[in-house]
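Trainee: Here it is: the structure, laid out below.
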Amino acid sequence: MSKHPVAGERNITLITLFTSTGTLVCCALPIIFVTLGLGSVVVSMTSTFPFLITLAKHKAWVFAASAVMLAISGWLMYRPGRHCPTDPELARKCATVQKWNARIYWTSVVIWGIGFFAAFLALPLRKMLEG
């Protein structure tokens, strides 16, 4: 039994969710915690998970890699010529998978956007509004 391409798209979409969540964890959450006066939580997080420091140091690469994953995932989901099988049972399963892929994809895009805003735009905007 051959694997339908939608199953591969689901795997790519889940990887995309994981990478975009990484941008949120490395960059947005620490900024939010510090803003809320919870700097000790950030210290505890970086002590417990030292790889967060490495991710934060290389945040441009983290965001670039996750943006590429989002682009690949989006292309796989919305490319022309993508159709579900004609068999009614398979078509129903295909439509369900496509619906969940779209939900996961757009959740990933929102998470990535929040992380990007927090990592690259929040401080410059604050400085611009203060000055």
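For the structure tokens, the naming scheme is as follows: chains receive sequential letters (A, B, ...) according to their order of presentation, residues are indexed from 1 within each chain, and ligands are indexed from 1 in presentation order.
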Just want the 9 Å neighbourhood of stretch 25-41 of chain A, counted on only C-alpha atoms, with same-chain residues fewer than 4 positions away dropped. Output as a compact mmCIF listing (two decimals) with C-alpha atoms, in the first residue's frame.
Mentor:
```txt
# COMPACT_ATOMS: atom_id res chain seq x y z
CA SER A 20 8.51 27.84 14.86
CA THR A 21 7.86 26.98 18.50
CA MET A 45 15.11 28.52 32.22
CA THR A 46 18.62 29.17 30.89
CA PHE A 51 20.82 25.34 24.74
CA LEU A 52 18.45 28.34 24.92
CA ILE A 53 21.49 30.61 25.18
CA THR A 54 22.93 29.11 22.00
CA LEU A 55 19.60 29.52 20.21
CA ALA A 56 19.37 33.14 21.32
CA LYS A 59 18.50 33.76 16.55
CA VAL A 62 16.93 30.02 13.91
CA ILE A 114 5.09 36.56 17.65
CA GLY A 115 8.65 35.35 18.04
CA PHE A 116 9.89 37.57 15.20
CA PHE A 117 8.16 40.61 16.65
CA ALA A 118 9.59 39.97 20.12
CA ALA A 119 13.11 39.16 18.89
```
Trainee: Excluding A:Val68 and any residue of its chain fewer than 5 positions from it, enumerate the residues within 12 Å of it, using only C-alpha atoms, and give them as number ranges by chain.
Mentor: A: 12, 15-16, 19-20, 61-63, 73-75, 109, 112
Trainee: Which residues come within 12 Å of stretch 94-105 of chain A, counting only C-alpha atoms, excluding same-chain residues fewer than 4 positions away, as a PyMOL selection string?
Mentor: chain A and resi 3-21+66-67+69-78+82-90+109-112
Trainee: Would you compute the distance between atom CA of A:Thr23 and atom CA of A:His58? Give it in Å to one decimal.
Mentor: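 Distance reported for this atom pair: 10.6 Å.
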Trainee: Enter the distance from atom CA of A:Thr107 to atom CA of A:Pro124, in Å, rounded to one decimal.
Mentor: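 For atom CA of A:Thr107 relative to atom CA of A:Pro124, the distance reads 25.5 Å.
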Trainee: Atom CA of A:Ser108 and atom CA of A:Leu24, how far apart in Å?
Mentor: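 These two atoms are separated by 10.0 Å.
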